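Asker: Quick one: the structure is below, and I'll ask about it shortly.
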Amino acid sequence: MHVPDGFFNAVTSVSAGAVAAAGVAVCLRGARRELDDRTAPMAGLVAAFIFAVQMLNFPVAAGTSGHLLGGALAAILVGPYTGVLCMAVVLLVQAVFFADGGLTALGVNITIMGLVTVLVGWAVFRLVTGLARGTGGVTLAAFLAALVSVPASALVFTLLFWIGGTAPIEVGAVAAAMGGVHLLIGIGEGVITALTVGAVIAVRPDLVYGARGLAKPLVLRGAEGTTTTVGENEPVPARGAGWMFLAGGGLVTLVLAGAVSFFASSDPDGLEAVAENQGFLDRATDHGLGGWALADYGEVGGIPVGVAGIIGVGLVLLIAGAVAYAARSRDEITEKKIKV
């Protein structure tokens with residue numbers, strides 16, 4: 001659902017950019033409560049994974065495809081504040097390096113695909129886990145959170161386009177079309193999110209931010225027979241987020257971007273299909289970096305999509321990891337300096 005340049009007038013684009021900038025600024029401060037030296041690497045991996053899975057368009061209706069948005073998934077795995085930062089990095093890299101989503105529409109995209117999906121997804125997730133506790137409840141909550149977040153984002157786009165779009169629309173018809181197709185996409189998003197969260201819980205429940213206080217304590221057994229019990233609300237007391245887990249997750253991410261991406265659906269996504277059917281697709285303008293070799297995930301420069309995907313994963317991992325590391329809590333660092 002990446003919005004191209006030309007869909008929104010200047011006032012709306014600037015206003016959405018201001019909202020996005022303010023939201024990211026708030027999340028940079030809030031992420032200190034979610035990140036530390038142990039969990040910051042996980043944020044980089046989550047952002048890279050979302051980038052990779054967003055390349056995998058899947059068919060949802062005749063001639064229409066969809067892809068993961070990822071806001072709910074990010075919020076559940078690393079927290080809502082950090083989740084917004086992950087989404088902002090993914091959207092920035094896509095817009096600048098791959099001409100996916102307009103440059104002038106970057107604020108709109110961060111608002112509807114980052115802020116809205118994270119806020120709605122996290123709200124639904126907390127509501128459901130409050131009613132159904134335990135790891136089973138987390139998986140169900142993840143599915144519902146992701147499912148609801150996608151049509152919510154689509155309807156916010158419709159509202160913004162009705163207010164400041166560059167073409168007149170029948171808001172009821174566009175809302176029905178956007179909501180309908182993105183509800184179908186939301187089902188796919190829910191399945192992907194639930195499977196991912198369930199897989200991480202099965203291996204490292206301590207790394208799922210949304211499961212803290214819900215999952216059973218994790219017991220770690222050392223080589224010498226010693227055991228360490230990780231409390232319900234605390235991450236694993238080890239350097240990094242568990243390098244074996246990060247390495248495995250990184251390998252899966254590279255396979256998705258480098259190999260599975262070749263089999264993604266080439267059908268237009270939900271927004272593009274609705275825009276064509278409703279008669280405002282022609283308002284899209286050429287991307288300012290559309291001639292860049294990586295544009296359209298390598299198609300412009302003749303680069304195989306898998307190679308472009310691997311490059312994108314590396315860029316997102318480095319940028320998101322650096323942002324998370326910079327935003328992490330300084331309490332632990334201060335304690336170490338005092339001890340020294």
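Chain labels A, B, ... are given in the sequence in which chains occur in the structure tokens; within each chain residues are numbered consecutively from 1, and ligands are likewise numbered from 1 in the order shown.
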Residues within 6 Å of region 111-116 of chain A, please, as a list in words. Count only C-alpha atoms; anything in the same chain fewer than 6 positions from it doesn't count.

Answerer: Ala20, Gly71, Val84, Met87 and Ser153 of chain A

Asker: Write out as a ChimeraX atom specification the residues lying within 8 Å of Ala175 (chain A), counting only C-alpha atoms and excluding same-chain residues fewer than 4 positions away.

Answerer: /A:154-155,158,171,179

Asker: Determine the nearest neighbour of Asp296 (chain A) from the options A:Val14, A:Leu131, A:Ala99, A:Val60, counting only C-alpha atoms.

Answerer: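 Among the listed residues, A:Ala99 lies closest to Asp296 (chain A).
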
Asker: Could you give me the residues within region 86-326 of chain A that DSSP places in strand (DSSP E), as a ChimeraX atom specification?

Answerer: /A:218-221,227-230

Asker: May I have the residues from that selection written out with N, CA, C and O atoms, as a compact mmCIF listing (two decimals), in the first residue's frame?

Answerer:
```txt
# COMPACT_ATOMS: atom_id res chain seq x y z
N LEU A 218 11.55 -18.60 31.28
CA LEU A 218 12.46 -19.42 30.49
C LEU A 218 13.60 -19.89 31.36
O LEU A 218 14.23 -19.10 32.06
N VAL A 219 13.88 -21.20 31.36
CA VAL A 219 14.96 -21.77 32.14
C VAL A 219 16.12 -22.08 31.21
O VAL A 219 15.98 -22.88 30.28
N LEU A 220 17.28 -21.45 31.44
CA LEU A 220 18.47 -21.68 30.64
C LEU A 220 19.41 -22.60 31.40
O LEU A 220 19.69 -22.38 32.58
N ARG A 221 19.93 -23.63 30.73
CA ARG A 221 20.82 -24.59 31.35
C ARG A 221 22.22 -24.41 30.79
O ARG A 221 22.42 -24.45 29.58
N THR A 227 21.70 -23.63 36.11
CA THR A 227 20.47 -23.16 35.49
C THR A 227 20.22 -21.71 35.85
O THR A 227 20.58 -21.26 36.95
N THR A 228 19.64 -20.99 34.90
CA THR A 228 19.27 -19.60 35.12
C THR A 228 17.82 -19.43 34.70
O THR A 228 17.45 -19.78 33.58
N THR A 229 17.01 -18.92 35.58
CA THR A 229 15.60 -18.70 35.28
C THR A 229 15.40 -17.25 34.91
O THR A 229 15.73 -16.34 35.68
N VAL A 230 14.89 -17.04 33.72
CA VAL A 230 14.61 -15.69 33.26
C VAL A 230 13.19 -15.34 33.66
O VAL A 230 12.24 -16.04 33.29
```

Asker: Could you pull the residues within 12 Å of Val300 (chain A), counting only C-alpha atoms, minus those fewer than 2 positions along the same chain, as an MDAnalysis selection string?

Answerer: chainID A and resid 97:99 289:298 302:305 308

Asker: Check the smallest atom-to-atom distance from each of A:Cys86, A:Gly301, A:Ser65, A:Phe8 to Ala322 (chain A) using only C-alpha atoms, then report the winner.

Answerer: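 Once distances to Ala322 (chain A) are computed over only C-alpha atoms, the minimum belongs to A:Cys86.
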
Asker: Which is closer to Phe262 (chain A) than all the others in A:Thr39, A:Gln278, A:Asn57, A:Thr104, using only C-alpha atoms?

Answerer: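 Of A:Thr39, A:Gln278, A:Asn57, A:Thr104, the one nearest Phe262 (chain A) is A:Asn57, counting only C-alpha atoms.
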
Asker: Neighbouring residues of Val197 (chain A) were defined as those with any atom within 8 Å, considering only C-alpha atoms; residues of the same chain fewer than 6 positions away were excluded. Please report them as a PyMOL selection string.

Answerer: chain A and resi 73+76-77+139+142+208
